[in-house]
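Coordinates as given in structure35.txt (compact mmCIF, C-alpha atoms):
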```txt
# COMPACT_ATOMS: atom_id res chain seq x y z
CA MET A 1 115.33 87.54 152.22
CA GLY A 2 115.56 85.11 155.13
CA GLY A 3 114.20 81.59 155.28
CA LEU A 4 110.52 80.80 155.64
CA ARG A 5 109.01 79.61 158.88
CA PRO A 6 107.57 76.06 159.02
CA ARG A 7 104.02 75.51 157.75
CA THR A 8 101.17 75.48 160.23
CA HIS A 9 97.77 73.93 159.66
CA ASP A 10 95.88 77.23 159.52
CA ALA A 11 98.22 79.73 157.85
CA MET A 12 100.49 79.90 154.84
CA LYS A 13 102.86 82.19 153.00
CA ALA A 14 101.98 83.67 149.60
CA TRP A 15 103.36 86.30 147.24
CA LEU A 16 100.94 89.21 146.75
CA LEU A 17 100.86 91.59 143.79
CA SER A 18 99.20 94.86 144.81
CA ARG A 19 100.88 97.25 142.33
CA THR A 20 102.74 97.04 139.06
CA GLY A 21 106.49 97.39 138.77
CA PRO A 22 109.78 95.46 138.97
CA PRO A 23 110.07 92.06 140.69
CA ASP A 24 110.45 93.66 144.11
CA VAL A 25 106.80 94.78 144.09
CA LEU A 26 105.93 91.15 144.90
CA GLU A 27 105.29 90.99 148.65
CA LEU A 28 105.55 87.86 150.80
CA ILE A 29 102.56 87.82 153.17
CA ASP A 30 100.70 85.56 155.60
CA ARG A 31 97.30 84.25 154.52
CA PRO A 32 94.81 81.78 155.96
CA ASP A 33 95.01 78.30 154.52
CA PRO A 34 92.23 77.92 151.93
CA ALA A 35 89.66 75.13 152.38
CA PRO A 36 88.16 73.23 149.43
CA GLY A 37 84.49 73.64 148.59
CA PRO A 38 82.24 71.16 146.77
CA GLY A 39 84.03 69.64 143.77
CA GLU A 40 87.39 71.08 144.82
CA VAL A 41 90.65 69.78 146.26
CA ALA A 42 93.32 71.48 148.35
CA VAL A 43 96.90 70.93 147.25
CA ASP A 44 100.00 71.40 149.38
CA VAL A 45 102.36 72.99 146.86
CA GLN A 46 105.83 71.53 146.38
CA ALA A 47 106.90 73.53 143.30
CA ILE A 48 105.70 76.39 141.13
CA GLY A 49 106.26 76.79 137.40
CA ILE A 50 107.02 80.40 136.42
CA ASN A 51 105.36 81.62 133.21
CA TYR A 52 106.11 84.73 131.17
CA ALA A 53 102.45 85.72 131.46
CA GLU A 54 103.10 86.29 135.16
CA VAL A 55 105.89 88.73 134.32
CA LEU A 56 103.48 90.60 132.05
CA SER A 57 100.85 90.52 134.81
CA ARG A 58 103.34 92.06 137.25
CA LYS A 59 103.88 94.87 134.75
CA GLY A 60 100.15 95.37 134.22
CA LEU A 61 100.33 94.15 130.61
CA TYR A 62 98.32 90.91 130.77
CA GLY A 63 94.65 90.95 129.88
CA TRP A 64 93.74 87.68 131.65
CA ALA A 65 94.98 88.89 135.04
CA PRO A 66 92.40 89.65 137.74
CA ASP A 67 92.07 92.99 139.49
CA ARG A 68 94.84 93.74 141.99
CA PRO A 69 95.63 92.89 144.71
CA TYR A 70 95.93 89.17 144.04
CA VAL A 71 98.32 86.26 144.35
CA PRO A 72 99.83 85.49 140.91
CA GLY A 73 100.79 82.02 139.73
CA MET A 74 99.21 79.84 137.05
CA GLU A 75 100.92 76.48 137.60
CA VAL A 76 101.85 74.35 140.61
CA THR A 77 102.56 70.76 141.52
CA GLY A 78 102.05 69.13 144.89
CA THR A 79 99.95 66.61 146.80
CA ILE A 80 96.23 66.57 147.54
CA SER A 81 95.76 67.40 151.22
CA ALA A 82 91.99 67.91 151.56
CA LEU A 83 88.87 66.98 149.59
CA GLY A 84 85.71 68.98 149.06
CA ALA A 85 82.27 67.43 149.07
CA GLY A 86 81.62 65.04 146.21
CA VAL A 87 85.28 64.56 145.27
CA ASP A 88 86.60 61.03 144.85
CA ARG A 89 90.38 61.45 144.82
CA ALA A 90 93.19 59.94 146.87
CA MET A 91 94.73 61.94 149.69
CA GLY A 92 98.43 62.41 149.02
CA GLU A 93 98.01 61.99 145.24
CA ARG A 94 100.66 63.88 143.24
CA VAL A 95 99.00 66.41 140.94
CA MET A 96 99.76 69.27 138.56
CA CYS A 97 97.33 72.19 138.60
CA GLY A 98 96.60 75.04 136.21
CA MET A 99 94.74 78.18 137.32
CA GLN A 100 94.24 81.82 136.46
CA HIS A 101 96.04 83.01 139.61
CA GLY A 102 96.84 81.97 143.18
CA GLY A 103 99.78 79.64 142.54
CA TYR A 104 102.48 81.64 144.33
CA ALA A 105 101.44 80.12 147.63
CA GLU A 106 102.14 77.21 149.95
CA ARG A 107 98.64 75.82 149.41
CA VAL A 108 96.05 76.19 146.65
CA VAL A 109 92.46 75.12 146.09
CA VAL A 110 91.36 74.13 142.59
CA ASN A 111 88.50 72.39 140.86
CA ALA A 112 89.23 68.67 141.08
CA ALA A 113 89.20 68.37 137.27
CA ARG A 114 92.16 70.78 137.09
CA ALA A 115 94.26 68.62 139.42
CA LEU A 116 95.92 66.46 136.79
CA PRO A 117 97.87 63.33 137.77
CA VAL A 118 101.67 63.51 137.62
CA PRO A 119 103.41 60.83 135.52
CA ASP A 120 105.11 58.37 137.86
CA ASP A 121 108.63 59.02 136.57
CA PHE A 122 108.46 62.85 136.73
CA SER A 123 110.42 64.64 139.43
CA ILE A 124 108.80 67.47 141.36
CA GLU A 125 110.62 70.03 139.20
CA GLU A 126 109.62 68.30 135.95
CA ALA A 127 106.00 68.19 137.07
CA ALA A 128 106.07 71.94 137.75
CA ALA A 129 107.60 72.51 134.31
CA PHE A 130 105.08 70.53 132.34
CA ALA A 131 101.38 71.38 132.31
CA VAL A 132 101.09 74.96 131.02
CA ASN A 133 103.99 74.96 128.55
CA TRP A 134 103.39 71.50 127.14
CA MET A 135 99.63 71.90 126.83
CA THR A 136 100.16 75.25 125.11
CA ALA A 137 102.56 73.69 122.61
CA TRP A 138 100.38 70.61 122.10
CA VAL A 139 97.19 72.61 121.52
CA ALA A 140 98.95 75.01 119.15
CA LEU A 141 100.52 72.27 117.05
CA THR A 142 97.88 69.55 117.03
CA GLU A 143 94.53 71.21 117.70
CA MET A 144 95.13 74.55 115.97
CA ALA A 145 97.70 73.90 113.23
CA ARG A 146 96.67 70.24 112.70
CA MET A 147 100.35 69.37 112.34
CA ARG A 148 101.18 66.34 110.16
CA PRO A 149 104.38 64.28 109.99
CA THR A 150 105.10 65.68 106.52
CA ASP A 151 105.02 69.29 107.73
CA ARG A 152 108.02 71.58 108.01
CA VAL A 153 107.65 73.37 111.34
CA ALA A 154 109.27 76.55 112.67
CA ILE A 155 109.29 77.22 116.42
CA THR A 156 110.18 80.63 117.87
CA ALA A 157 111.83 80.99 121.30
CA GLY A 158 112.81 77.36 120.85
CA ALA A 159 114.90 77.27 124.02
CA GLY A 160 112.12 78.53 126.28
CA GLY A 161 109.43 76.64 128.14
CA VAL A 162 106.82 76.52 125.36
CA GLY A 163 109.43 76.47 122.59
CA SER A 164 111.45 73.54 123.94
CA ALA A 165 108.24 71.55 124.40
CA ALA A 166 107.13 72.38 120.85
CA VAL A 167 110.47 71.40 119.31
CA MET A 168 110.37 68.03 121.06
CA LEU A 169 106.70 67.42 120.24
CA ALA A 170 107.09 68.33 116.56
CA SER A 171 110.33 66.42 116.00
CA SER A 172 109.00 63.32 117.79
CA SER A 173 105.94 63.50 115.50
CA GLY A 174 108.19 63.09 112.45
CA CYS A 175 108.30 66.73 111.37
CA ASP A 176 111.34 68.60 110.08
CA VAL A 177 111.82 71.33 112.70
CA VAL A 178 113.55 74.71 112.49
CA GLY A 179 114.09 76.34 115.88
CA LEU A 180 114.61 80.05 116.47
CA ALA A 181 116.24 81.59 119.53
CA GLY A 182 117.92 84.83 120.56
CA SER A 183 121.49 83.63 121.07
CA ASP A 184 123.89 81.15 119.55
CA GLU A 185 124.24 79.42 122.94
CA LYS A 186 120.50 78.80 123.03
CA LEU A 187 120.56 77.50 119.47
CA GLU A 188 122.84 74.68 120.63
CA ARG A 189 120.17 73.62 123.12
CA VAL A 190 117.44 73.87 120.49
CA ARG A 191 119.35 71.47 118.25
CA ALA A 192 119.68 69.09 121.20
CA PHE A 193 115.88 69.20 121.60
CA GLY A 194 115.47 67.88 118.05
CA ALA A 195 115.63 70.81 115.62
CA SER A 196 117.38 70.05 112.33
CA ASP A 197 118.12 73.74 111.62
CA THR A 198 118.29 76.85 113.79
CA VAL A 199 118.24 80.61 113.30
CA ASN A 200 119.22 83.43 115.66
CA TYR A 201 116.41 85.98 115.43
CA ARG A 202 118.57 88.68 117.02
CA ALA A 203 121.28 88.43 114.34
CA THR A 204 121.62 91.47 112.09
CA ASP A 205 121.14 89.26 109.03
CA PHE A 206 118.19 87.38 110.55
CA ARG A 207 115.93 87.66 107.49
CA GLU A 208 118.65 86.43 105.16
CA ARG A 209 119.42 83.47 107.43
CA LEU A 210 115.74 82.64 107.72
CA ALA A 211 115.31 82.78 103.96
CA GLY A 212 118.21 80.40 103.50
CA VAL A 213 116.78 77.88 105.96
CA ALA A 214 113.23 78.20 104.66
CA GLY A 215 114.33 77.62 101.06
CA ASP A 216 111.80 77.48 98.25
CA ARG A 217 109.40 75.33 100.23
CA GLY A 218 108.90 77.58 103.25
CA PHE A 219 107.14 76.48 106.42
CA ASP A 220 103.89 74.57 106.71
CA VAL A 221 103.46 75.33 110.42
CA VAL A 222 104.86 78.11 112.61
CA LEU A 223 104.43 78.38 116.37
CA GLU A 224 105.04 82.04 117.22
CA VAL A 225 105.44 83.55 120.69
CA VAL A 226 107.68 86.58 120.06
CA GLY A 227 105.77 89.01 117.83
CA GLY A 228 107.09 92.07 116.01
CA ASP A 229 109.65 91.58 113.24
CA VAL A 230 109.98 87.87 114.03
CA PHE A 231 106.28 87.30 113.34
CA ARG A 232 106.39 89.32 110.13
CA ALA A 233 109.51 87.55 108.84
CA LEU A 234 108.00 84.11 109.45
CA THR A 235 104.69 85.05 107.88
CA ASP A 236 106.63 85.95 104.74
CA ARG A 237 108.05 82.40 104.70
CA LEU A 238 104.79 80.49 105.06
CA ALA A 239 104.16 77.89 102.36
CA PRO A 240 100.82 77.78 100.55
CA PHE A 241 98.26 76.39 103.04
CA GLY A 242 100.69 77.28 105.84
CA ARG A 243 99.39 77.98 109.35
CA ILE A 244 100.98 80.36 111.85
CA VAL A 245 99.74 79.91 115.41
CA VAL A 246 100.29 82.73 117.91
CA ALA A 247 100.56 81.52 121.50
CA GLY A 248 102.27 84.53 123.08
CA TYR A 249 103.80 87.96 122.54
CA ALA A 250 107.13 88.05 124.40
CA SER A 251 108.23 91.34 122.86
CA LEU A 252 105.23 93.15 124.34
CA ASP A 253 106.53 95.95 126.58
CA TYR A 254 105.40 99.51 127.11
CA THR A 255 105.18 102.13 129.83
CA TRP A 256 102.23 104.47 130.41
CA TRP A 257 104.41 107.58 130.44
CA ASN A 258 106.09 106.83 127.09
CA PRO A 259 103.75 107.18 124.06
CA LEU A 260 106.53 105.94 121.76
CA SER A 261 106.49 102.62 123.63
CA TRP A 262 102.72 102.39 122.96
CA TRP A 263 103.35 102.73 119.23
CA ARG A 264 106.08 100.09 119.28
CA ALA A 265 103.85 97.69 121.20
CA TRP A 266 100.92 98.29 118.84
CA ARG A 267 103.13 97.84 115.76
CA GLY A 268 104.52 94.58 117.11
CA ILE A 269 101.13 92.92 117.67
CA PRO A 270 100.88 89.84 115.41
CA ARG A 271 98.32 90.46 112.68
CA LEU A 272 97.52 89.08 109.25
CA GLY A 273 95.13 90.80 106.86
CA LEU A 274 92.39 88.84 105.11
CA SER A 275 93.51 89.92 101.62
CA ARG A 276 97.07 88.80 102.27
CA ALA A 277 95.83 85.49 103.69
CA ALA A 278 93.62 84.89 100.66
CA GLU A 279 96.31 85.79 98.13
CA ASP A 280 98.87 83.45 99.71
CA SER A 281 96.42 80.79 100.96
CA ILE A 282 97.80 81.03 104.49
CA GLY A 283 96.14 81.31 107.86
CA MET A 284 96.75 82.83 111.29
CA LEU A 285 95.37 81.23 114.44
CA ALA A 286 95.78 82.01 118.12
CA THR A 287 95.40 80.09 121.35
CA HIS A 288 95.38 80.72 125.10
CA ILE A 289 94.85 77.52 127.07
CA GLY A 290 93.66 79.43 130.13
CA TYR A 291 90.27 79.82 128.47
CA LEU A 292 90.01 76.02 128.18
CA LEU A 293 90.19 75.43 131.93
CA ASP A 294 86.43 75.59 132.42
CA ASP A 295 85.78 73.03 129.67
CA GLU A 296 86.49 69.93 131.75
CA ALA A 297 85.74 67.38 129.03
CA ARG A 298 88.00 69.06 126.49
CA LEU A 299 90.74 69.60 129.07
CA GLN A 300 90.77 65.91 129.96
CA GLU A 301 90.73 64.87 126.28
CA ILE A 302 93.68 67.11 125.43
CA TRP A 303 95.58 65.99 128.52
CA ALA A 304 95.12 62.30 127.72
CA ALA A 305 96.38 62.76 124.14
CA LEU A 306 99.40 64.77 125.30
CA ILE A 307 100.37 62.31 128.02
CA ASP A 308 100.02 59.40 125.60
CA HIS A 309 102.38 61.05 123.10
CA VAL A 310 104.90 62.05 125.78
CA ASP A 311 104.91 58.54 127.18
CA ARG A 312 105.33 56.86 123.79
CA ALA A 313 108.04 59.29 122.65
CA ARG A 314 109.77 59.24 126.07
CA LEU A 315 109.87 63.02 126.32
CA ARG A 316 110.68 65.06 129.43
CA PRO A 317 110.29 68.77 130.20
CA VAL A 318 113.42 70.89 130.47
CA VAL A 319 114.05 72.53 133.86
CA GLY A 320 116.52 75.34 133.29
CA ALA A 321 116.75 76.88 136.77
CA THR A 322 115.36 76.30 140.26
CA PHE A 323 114.82 78.88 143.01
CA ASP A 324 113.69 78.73 146.63
CA PHE A 325 110.23 80.08 147.44
CA ALA A 326 111.72 82.94 149.45
CA ASP A 327 113.64 84.04 146.34
CA LEU A 328 110.72 83.98 143.89
CA PRO A 329 111.33 87.58 142.67
CA ASP A 330 114.76 86.42 141.48
CA ALA A 331 113.01 83.88 139.24
CA HIS A 332 111.17 86.81 137.63
CA ARG A 333 114.47 88.63 137.14
CA LEU A 334 115.98 85.66 135.35
CA MET A 335 112.97 85.30 133.07
CA GLU A 336 113.08 88.98 132.16
CA SER A 337 116.79 88.72 131.37
CA ARG A 338 115.96 86.39 128.45
CA LYS A 339 118.92 84.21 129.52
CA SER A 340 116.90 81.27 130.78
CA VAL A 341 116.49 77.94 129.00
CA GLY A 342 113.49 75.70 129.47
CA LYS A 343 111.29 76.22 132.52
CA ILE A 344 112.08 78.25 135.63
CA VAL A 345 110.82 76.44 138.73
CA VAL A 346 110.40 77.61 142.34
CA ARG A 347 110.61 74.95 145.07
CA ILE A 348 108.79 75.05 148.39
CA GLY A 349 110.43 73.18 151.24
CA GLY A 350 113.23 70.61 150.85
```

Output the structure of this file as structure tokens.
Amino acid sequence: MGGLRPRTHDAMKAWLLSRTGPPDVLELIDRPDPAPGPGEVAVDVQAIGINYAEVLSRKGLYGWAPDRPYVPGMEVTGTISALGAGVDRAMGERVMCGMQHGGYAERVVVNAARALPVPDDFSIEEAAAFAVNWMTAWVALTEMARMRPTDRVAITAGAGGVGSAAVMLASSSGCDVVGLAGSDEKLERVRAFGASDTVNYRATDFRERLAGVAGDRGFDVVLEVVGGDVFRALTDRLAPFGRIVVAGYASLDYTWWNPLSWWRAWRGIPRLGLSRAAEDSIGMLATHIGYLLDDEARLQEIWAALIDHVDRARLRPVVGATFDFADLPDAHRLMESRKSVGKIVVRIGG
């Protein structure tokens, strides 16, 4: 696809999703620039963080997605360019924004409380890689699992956006961390993020390797985003009083015309029966930070705690690949290939 034309003050480019399918169903269109209403800010977008939920949305497999057609995109960074009535923010302020949809665009409008300040030393790409993944990992580990420094923590998809954040957050909190990933190359990165042990969950002897790493103690906390056999294997290695937190289901995939794929998807859904939980004294929790966006007070409290920890531990998000806005479908292709590490970011402009 060719380059984008320069921005005007009354029109913008955005990627529209009007039907499900492969990345090429995303359509680059012209739209009017949105204007902020009371309590809102407009943000000129500089970079977009790509999330796996948006891949699922494109396939029609994501329950939080709105009705089509719509502009996908749950995470952007940029500068405040207009203020709605009653908003006391600085024009030009660098912000990170989370939203249900609308982020695949040159300009977005969000509630002012969702425009979170960017740390001074973050690059544009790092800012786009931070909010959704790091808040997901932080909420899962600290709010849901109540992680303690004495805990032994297992992180699935440890080389991905959420996983890399979780490995760094858990290890910097004093925990012994075991990272799981789908290739030996990714395991090297997971160790660099702070994991003391790693396991390839695509290896034929995965369960045996996991048992060896878990040892007699097992895991006190598991952050799980894969589902299927990986979830079941880790549940079997939970220590008494262990907590497994589900923050995603990356192995979810089915097609309407293939009933066998429905069965596989249903079988892979993470689940833990009450009798099993009671017998082993273990628990399963789940989180989706999108549902926290409307709770402004809680959002700000969580954000402040996360930023404080990141600042004290000197942590930075991992940007694995960067694409131009005109090539956004290629970012989806890379994510679906399962070859990416860290966050995939799409830049707008220079």

Exercise: A:Pro32 partners within 9 Å, all atoms listed in the file, chain neighbours under 5 positions left out, as JSON, numbers by chain: {"A": [10, 11, 12, 13]}

I'd like the interatomic distance between atom CA of A:Leu26 and atom CA of A:Gly49, to a tenth of an Å.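 Result for atom CA of A:Leu26 versus atom CA of A:Gly49: 16.2 Å, one decimal.
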
For A:Val199, the nearest of the candidates A:Gly182, A:Gly103, A:Gly174, A:Pro38, counting all atoms listed in the file: A:Gly182

Just to confirm, what's the straight-line distance from atom CA of A:Gly215 to atom CA of A:Ala247 in Å (one decimal)?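 Taking atom CA of A:Gly215 as the start and atom CA of A:Ala247 as the end point, the length is 25.0 Å.
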
Considering only C-alpha atoms, state which residue in the set A:Trp64, A:Ala53, A:Val43, A:Thr150 is at the smallest distance from A:Val108.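 When distances to A:Val108 are compared using only C-alpha atoms, the smallest one comes from A:Val43.
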
Enter the distance from atom CA of A:Asn200 to atom CA of A:Val225, in Å, rounded to one decimal.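 Between atom CA of A:Asn200 and atom CA of A:Val225 the gap works out to 14.7 Å.
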
My list of candidates is A:Lys186, A:Val55, A:Val153, A:Ala203. Which is closest to A:Arg217 when distances are computed with all atoms listed in the file?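 Looking at the shortest contact to A:Arg217, the residue is A:Val153.
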
Please report as a tab-separated table every residue of stretch 58-165 of chain A lying within 10 Å of stretch 317-324 of chain A, along with the nearest atom pair and their distance in Å (one decimal), using only C-alpha atoms.
```
residue	atom	partner	partner_atom	distance
A:Phe122	CA	A:Pro317	CA	9.0
A:Glu125	CA	A:Val319	CA	6.8
A:Glu126	CA	A:Pro317	CA	5.8
A:Ala127	CA	A:Pro317	CA	8.1
A:Ala128	CA	A:Val319	CA	8.9
A:Ala129	CA	A:Pro317	CA	6.2
A:Phe130	CA	A:Pro317	CA	5.9
A:Ala131	CA	A:Pro317	CA	9.5
A:Asn133	CA	A:Pro317	CA	9.0
A:Trp134	CA	A:Pro317	CA	8.0
A:Ala159	CA	A:Val318	CA	9.2
A:Gly160	CA	A:Val318	CA	8.8
A:Gly161	CA	A:Val318	CA	7.4
A:Val162	CA	A:Pro317	CA	9.8
A:Ser164	CA	A:Val318	CA	7.3
A:Ala165	CA	A:Pro317	CA	6.8
```

Proximity of stretch 120-237 of chain A to stretch 274-286 of chain A: per-residue shortest pair, 10 Å limit, only C-alpha atoms, as CSV:
```
residue,atom,partner,partner_atom,distance
A:Ala140,CA,A:Ala286,CA,7.8
A:Met144,CA,A:Leu285,CA,6.9
A:Ala145,CA,A:Leu285,CA,7.8
A:Asp220,CA,A:Ile282,CA,9.2
A:Val221,CA,A:Gly283,CA,9.8
A:Val222,CA,A:Met284,CA,9.5
A:Leu223,CA,A:Ala286,CA,9.5
A:Glu224,CA,A:Ala286,CA,9.3
A:Thr235,CA,A:Ile282,CA,8.7
A:Asp236,CA,A:Asp280,CA,9.6
```

Do a neighbour search on A:Val76 at 8 Å with all atoms listed in the file, toss out local chain neighbours closer than 6 positions, and write the hits as a ChimeraX atom specification. /A:45-49,96-98,103,128

Rank nothing, just name the residue among A:Ala326, A:Ile269, A:Ile244, A:Ala42 nearest to A:Gly228, using only C-alpha atoms.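 Residue with the minimum atom-to-atom distance to A:Gly228: A:Ile269.
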
List the neighbours of A:Thr20 out to 6 Å using all atoms listed in the file; skip same-chain residues closer than 3 positions along the sequence, and give me the result as a PyMOL selection string. chain A and resi 58-60

Enumerate, as a list in words, the protein, DNA and RNA residues whose atoms approach (112.0, 69.3, 121.0) to within 10 Å, taking into account only C-alpha atoms and the coordinate frame of the file. Ile155, Gly158, Ala159, Val162, Gly163, Ser164, Ala165, Ala166, Val167, Met168, Leu169, Ala170, Ser171, Ser172, Val177, Gly179, Arg189, Val190, Arg191, Ala192, Phe193, Gly194, Ala195, Leu315, Arg316, Pro317 and Val318 of chain A

Each residue of stretch 58-153 of chain A with at least one atom at most 9 Å from stretch 293-312 of chain A should appear once, together with its nearest atom pair and the corresponding distance in Å (one decimal); atoms considered: all atoms listed in the file; ordering: chain, then increasing residue number; output as JSON lines.
```
{"residue": "A:Gly98", "atom": "CA", "partner": "A:Leu293", "partner_atom": "CA", "distance": 7.7}
{"residue": "A:Met99", "atom": "CA", "partner": "A:Leu293", "partner_atom": "CA", "distance": 7.6}
{"residue": "A:Gln100", "atom": "CA", "partner": "A:Leu293", "partner_atom": "CA", "distance": 8.8}
{"residue": "A:Ala113", "atom": "CA", "partner": "A:Glu296", "partner_atom": "CA", "distance": 6.3}
{"residue": "A:Arg114", "atom": "CA", "partner": "A:Leu293", "partner_atom": "CA", "distance": 7.2}
{"residue": "A:Leu116", "atom": "CA", "partner": "A:Trp303", "partner_atom": "CA", "distance": 8.3}
{"residue": "A:Pro119", "atom": "CA", "partner": "A:Ile307", "partner_atom": "CA", "distance": 8.2}
{"residue": "A:Ala131", "atom": "CA", "partner": "A:Trp303", "partner_atom": "CA", "distance": 8.8}
{"residue": "A:Trp134", "atom": "CA", "partner": "A:Leu306", "partner_atom": "CA", "distance": 8.0}
{"residue": "A:Met135", "atom": "CA", "partner": "A:Leu306", "partner_atom": "CA", "distance": 7.3}
{"residue": "A:Trp138", "atom": "CA", "partner": "A:Leu306", "partner_atom": "CA", "distance": 6.7}
{"residue": "A:Val139", "atom": "CA", "partner": "A:Ile302", "partner_atom": "CA", "distance": 7.6}
{"residue": "A:Glu143", "atom": "CA", "partner": "A:Ile302", "partner_atom": "CA", "distance": 8.8}
```

Of the candidates A:Gly290, A:Glu106, A:Pro66, A:Ala85, which shows the shortest atom-to-atom distance to A:Ile29, using all atoms listed in the file?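 Counting all atoms listed in the file, the residue closest to A:Ile29 is A:Glu106.
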
At a cut-off of 9 Å, using all atoms listed in the file, what residues contact stretch 330-337 of chain A? Leave out same-chain residues fewer than 6 positions from it and give the result as a ChimeraX atom specification. /A:22-24,50-52,54-55,321-323,344-346

Residue with smallest distance to A:Tyr201 - pool A:Asp229, A:Glu188, A:Asp176, A:Glu40, counting all atoms listed in the file: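 Among the listed residues, the smallest separation from A:Tyr201 belongs to A:Asp229.
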